[in-house]
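Engineer: I have a structure I would like to understand better, so I am pasting it below and will then ask my questions one at a time.
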Amino acid sequence: MCIRDSPGPAALVAAALALGLPAARAQPQPPEALQPAADAGPLRVMTYNAGAGTAWTPLFFSVDLLTYVDAAGRVLREVRATQPHARMHALAAQVAQAAPHLVAVQALGRWSTGTLALHGLRCGPMKVEIDMLAALLQSLRALGRPYRVAVQAAQFELPALPARPAPGELRCVQASERVVILERADLPRGATAHPQRGRLDAPAPPPALAAVPGTAQVGVWPGGRAWVSVDVRLPGGALRFVSAQLARLDPFTPDERRQDGELLRALAESSPLPVALALSSTVPAAPPPPDELQADFLAAGWRDAWAQAQPAQLGATCCRAPSMDDTDPQLSRRSDVLWLRGAVQPRAARLAGDAAADRTPAGLWSSDHAGVVVELQTAPAR
């Protein structure tokens with residue numbers, strides 16, 4: 001949405017005159033030739049947190065519109081610096097190589113910018129500048145391994161508000177983030193069905209324009225949490241594939257992650273099919289003791305696909321710096337976990353995006369996480 005009314009202080013209009021031009025837009029890298037992989041038979045799934053490219057911290061500490069302008073601009077600069085479209089091309093190469101039937105991808109950002117009229121601070125038409133989902137799908141097509149969206153949901157959506165993306169210009173900036181499940185475009189018609197989506201939390205209220213001094217009414221923490229699911233039936237098996245990005249580890253809300261897990265387990269109990277639940281969260285590194293979230297899943301009878309398929313390997317997937325330019329490729333925590341319920345067993349599992357060769361031509365990692373690919377054995381579909 002656009003700002004309809006002026007927030008008041010004339011100082012904001014005066015400050016706007018000193019603001020600057022935005023940075024150049026990140027562009028996808030040229031595609032590389034890659035032949036489609038043959039269907040190996042077992043049901044193969046993948047989960048990947050695409051990485052927002054920012055920690056969002058400046059927005060949380062915005063206590064009035066002036067500080068929000070600076071914070072939103074800083075966050076956009078951080079995201080631009082990670083070259084999201086180039087990163088999605090590198091991530092697409094990993095997906096194309098693994099050729100999973102279904103891919104769960106979290107933290108897919110979409111950024112739009114537009115003009116801002118200083119009189120009344122009205123936003124003009126917004127134009128998409130960064131669309132990680134569109135870049136990922138386009139790169140997969142260019143690599144000869146097309147995918148389509150089976151189901152998607154918005155994690156959060158920030159309205160169009162003034163921001164300073166670079167010195168010398170004031171613009172409107174709008175951001176959103178999605179969690180999606182992709183399916184291979186060559187799956188038989190009717191192989192997937194029953195797409196569902198929902199929320200693990202209530203949508204956050206939009207930033208307030210008239211903040212009380214000393215409070216964080218304008219400040220926002222873009223941490224909305226949604227879940228998506230789809231049923232797949234193939235000759236190699238049938239299951240319900242679910243994905244979600246859980247709450248952060250936050251000392252002020254210590255029970256949120258466990259509540260997210262409880263809700264997701266309750267949703268899975270309604271499934272007539274075996275369930276594979278792809279979760280991206282912050283989890284202490286194995287080996288045990290597990291954190292409370294892991295303990296809850298284990299106590300409820302769920303099984304960790306990686307622990308079953310690769311019991312001797314840590315399988316760490318997290319976390320690099322949000323800037324994606326770490327020189328040390330080491331990962332220390334297993335934050336991306338595939339939980340299994342019902343008549344489904346993992347046959348094999350491996351990481352994706354954990355090697356230096358997986359980086360972009362500019363030397364950036366495709367994400368601050370690594371992905372996980374798992375081959376699953378289920379009962380033949382009827």
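Note on naming: chains are A, B, ... as they come in the structure tokens, residues start from 1 per chain, ligands start from 1 in the order shown.
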If you count only C-alpha atoms, which residues fall within 7 Å of A:Pro162, apart from same-chain ones fewer than 3 positions away, as a PyMOL selection string?

Structural biologist: chain A and resi 69+170-173

Engineer: What does the file look like for those residues with N, CA and C atoms, as a compact mmCIF listing (two decimals), in the first residue's frame?

Structural biologist:
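Written out: result-v1.txt:
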# COMPACT_ATOMS: atom_id res chain seq x y z
N VAL A 69 13.31 5.41 7.39
CA VAL A 69 13.81 5.74 6.05
C VAL A 69 15.25 5.26 5.90
N LEU A 170 15.35 9.89 -2.38
CA LEU A 170 14.37 9.23 -1.52
C LEU A 170 13.38 8.50 -2.41
N ARG A 171 13.14 7.23 -2.11
CA ARG A 171 12.24 6.42 -2.92
C ARG A 171 11.31 5.63 -2.01
N CYS A 172 10.28 5.06 -2.60
CA CYS A 172 9.43 4.12 -1.88
C CYS A 172 9.98 2.72 -2.07
N VAL A 173 9.96 1.93 -1.01
CA VAL A 173 10.45 0.56 -1.06
C VAL A 173 9.42 -0.35 -0.42

Engineer: Leaving out stretch 335-343 of chain A and any residue of its chain fewer than 3 positions from it, which residues lie within 6 Å of it when counting only C-alpha atoms, given as a list in words?

Structural biologist: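 Using only C-alpha atoms, the neighbours found are Pro274, Val275, Ala276, Leu277, Ala278, Leu279, Ser280, Ser281, Thr282, Val283, Trp302, Arg303, Asp304, Ala305, Thr317, Cys318 and Thr378 of chain A.
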
Engineer: Could you check how far atom CA of A:Leu158 sits from atom CA of A:Trp227, in Å to one decimal?

Structural biologist: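 Between these atoms lies a distance of 18.6 Å.
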
Engineer: For each of A:Arg199, A:Ser366, A:Ser243, A:Ala98, take the minimum atom-to-atom distance to A:Arg184, counting only C-alpha atoms, then give the residue where this is smallest.

Structural biologist: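 Between A:Arg199, A:Ser366, A:Ser243, A:Ala98, the residue approaching A:Arg184 most closely is A:Ala98.
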
Engineer: Could you make a table, as a tab-separated table, of the residues of stretch 347-376 of chain A that have an atom within 10 Å of an atom of stretch 51-65 of chain A, each with its nearest atom pair and distance in Å to one decimal, counting only C-alpha atoms, in chain and number order?

Structural biologist:
residue	atom	partner	partner_atom	distance
A:Trp365	CA	A:Gly51	CA	9.7
A:Ser366	CA	A:Gly51	CA	8.0
A:Ser367	CA	A:Gly51	CA	4.9
A:Asp368	CA	A:Gly51	CA	5.6
A:His369	CA	A:Gly51	CA	6.8
A:Ala370	CA	A:Gly51	CA	9.7

Engineer: Excluding A:Ala163 and any residue of its chain fewer than 5 positions from it, enumerate the residues within 10 Å of it, using only C-alpha atoms, and give them as a list of chain:residue names.

Structural biologist: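 That gives A:Ala16, A:Leu19, A:Leu65, A:Leu66, A:Thr67, A:Tyr68, A:Val69, A:Asp70, A:Ala71, A:Ala72, A:Gly73, A:Arg74, A:Val75, A:Leu76, A:Thr113, A:Leu116, A:Glu169, A:Leu170, A:Arg171, A:Cys172, A:Val173, A:Gln174.
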
Engineer: Check the smallest atom-to-atom distance from each of A:Leu239, A:Ala362, A:Ala349, A:Ala226 to A:Leu264 using only C-alpha atoms, then report the winner.

Structural biologist: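 For A:Leu264, the nearest of the given residues is A:Ala226.
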
Engineer: Any idea what's packed within 8 Å of stretch 127-137 of chain A, counting only C-alpha atoms, ignoring anything in its chain fewer than 2 positions away? Could you give it as a PyMOL selection string?

Structural biologist: chain A and resi 25-26+28+84-85+88-89+91-92+108-114+125+139-141+146-148

Engineer: Could you save the residues just selected, with N, CA and C atoms, as a short mmCIF file (atom, residue, chain, number, x, y, z; two decimals), in the first residue's frame?

Structural biologist:
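Dumped to again_9.cif:
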data_model
loop_
_atom_site.label_atom_id
_atom_site.label_comp_id
_atom_site.auth_asym_id
_atom_site.auth_seq_id
_atom_site.Cartn_x
_atom_site.Cartn_y
_atom_site.Cartn_z
N ARG A 25 20.92 -2.70 -10.16
CA ARG A 25 20.20 -3.94 -9.91
C ARG A 25 21.07 -5.14 -10.22
N ALA A 26 20.99 -6.17 -9.33
CA ALA A 26 21.72 -7.40 -9.58
C ALA A 26 21.10 -8.14 -10.75
N PRO A 28 20.96 -11.79 -13.28
CA PRO A 28 21.30 -13.21 -13.31
C PRO A 28 22.54 -13.46 -14.16
N PRO A 84 20.92 -11.17 -5.47
CA PRO A 84 19.94 -12.27 -5.30
C PRO A 84 19.67 -13.05 -6.59
N HIS A 85 19.61 -12.38 -7.74
CA HIS A 85 19.32 -13.12 -8.97
C HIS A 85 20.46 -14.04 -9.36
N MET A 88 20.26 -17.01 -7.11
CA MET A 88 19.22 -17.96 -7.49
C MET A 88 19.64 -18.79 -8.70
N HIS A 89 20.48 -18.22 -9.57
CA HIS A 89 20.99 -19.04 -10.67
C HIS A 89 21.90 -20.14 -10.13
N LEU A 91 21.74 -21.42 -7.12
CA LEU A 91 20.87 -22.38 -6.42
C LEU A 91 20.14 -23.26 -7.43
N ALA A 92 19.71 -22.67 -8.56
CA ALA A 92 19.01 -23.45 -9.59
C ALA A 92 19.91 -24.55 -10.14
N LEU A 108 12.18 -16.60 0.15
CA LEU A 108 12.30 -16.05 -1.20
C LEU A 108 11.78 -14.61 -1.18
N GLY A 109 12.68 -13.67 -1.30
CA GLY A 109 12.31 -12.26 -1.18
C GLY A 109 11.85 -11.66 -2.50
N ARG A 110 11.04 -10.61 -2.37
CA ARG A 110 10.57 -9.83 -3.52
C ARG A 110 10.59 -8.36 -3.11
N TRP A 111 11.34 -7.55 -3.85
CA TRP A 111 11.52 -6.14 -3.53
C TRP A 111 11.05 -5.29 -4.70
N SER A 112 10.28 -4.26 -4.38
CA SER A 112 9.82 -3.30 -5.38
C SER A 112 10.21 -1.90 -4.93
N THR A 113 10.49 -1.04 -5.91
CA THR A 113 10.79 0.35 -5.62
C THR A 113 9.93 1.24 -6.52
N GLY A 114 9.74 2.48 -6.07
CA GLY A 114 8.92 3.42 -6.83
C GLY A 114 9.25 4.84 -6.44
N PRO A 125 3.73 4.57 -8.65
CA PRO A 125 3.68 3.15 -9.06
C PRO A 125 4.96 2.42 -8.66
N SER A 139 15.92 -19.43 -14.16
CA SER A 139 17.20 -20.12 -14.26
C SER A 139 17.01 -21.61 -14.45
N LEU A 140 16.04 -22.19 -13.79
CA LEU A 140 15.77 -23.62 -13.96
C LEU A 140 15.35 -23.93 -15.39
N ARG A 141 14.52 -23.07 -15.98
CA ARG A 141 14.13 -23.28 -17.38
C ARG A 141 15.36 -23.18 -18.29
N PRO A 146 12.91 -27.40 -16.03
CA PRO A 146 11.86 -26.48 -15.58
C PRO A 146 11.07 -27.03 -14.40
N TYR A 147 10.71 -26.11 -13.50
CA TYR A 147 9.84 -26.41 -12.37
C TYR A 147 8.68 -25.42 -12.40
N ARG A 148 7.62 -25.77 -11.69
CA ARG A 148 6.48 -24.86 -11.54
C ARG A 148 6.10 -24.81 -10.07
#

Engineer: Assign secondary structure with DSSP using the backbone only, and return the residues of stretch 121-277 of chain A in helix (DSSP H, G or I) as a list in words.

Structural biologist: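 Matching residues, listed in order: Met132, Leu133, Ala134, Ala135, Leu136, Leu137, Gln138, Ser139, Leu140, Arg141, Ala142, Glu256, Arg257, Arg258, Gln259, Asp260, Gly261, Glu262, Leu263, Leu264, Arg265, Ala266, Leu267 and Ala268 of chain A.
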
Engineer: Using only C-alpha atoms, determine which residues lie at most 6 Å from A:Phe156, disregarding the query and same-chain residues fewer than 4 positions distant; provide the list as number ranges by chain.

Structural biologist: A: 176-177, 224

Engineer: Could you check which of A:Ala166, A:Ala300, A:Ala154, A:Leu102 is closest to A:Asp186, using only C-alpha atoms?

Structural biologist: A:Leu102

Engineer: Between A:Pro272, A:Ala321, A:Gln259, A:Val103, which is the closest to A:Leu293 once you count only C-alpha atoms?

Structural biologist: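 Selected residue with least distance to A:Leu293: A:Gln259.
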
Engineer: Using only C-alpha atoms for the distances, tell me which of A:Ala193, A:Thr82, A:Glu256, A:Met46 is nearest to A:Glu292.

Structural biologist: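 Closest to A:Glu292, using only C-alpha atoms: A:Glu256.
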
Engineer: Interatomic distance between atom CA of A:Ala202 and atom CA of A:Ala244?

Structural biologist: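 Those two atoms sit 14.7 Å apart.
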
Engineer: State, in Å with one decimal place, the distance from atom CA of A:Gly371 to atom CA of A:Ser332.

Structural biologist: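 The value is 13.8 Å.
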
Engineer: For A:Leu364, find every residue with an atom within 7 Å (counting only C-alpha atoms), except residues of its own chain fewer than 4 positions away, and show them as a ChimeraX atom specification.

Structural biologist: /A:324-325,359-360

Engineer: Going by DSSP on the backbone, which bits of stretch 171-368 of chain A are strand (DSSP E)? Write them as a PyMOL selection string, please.

Structural biologist: chain A and resi 171-184+192-199+226-234+237-245+275-280+303-304+336-341+344-352
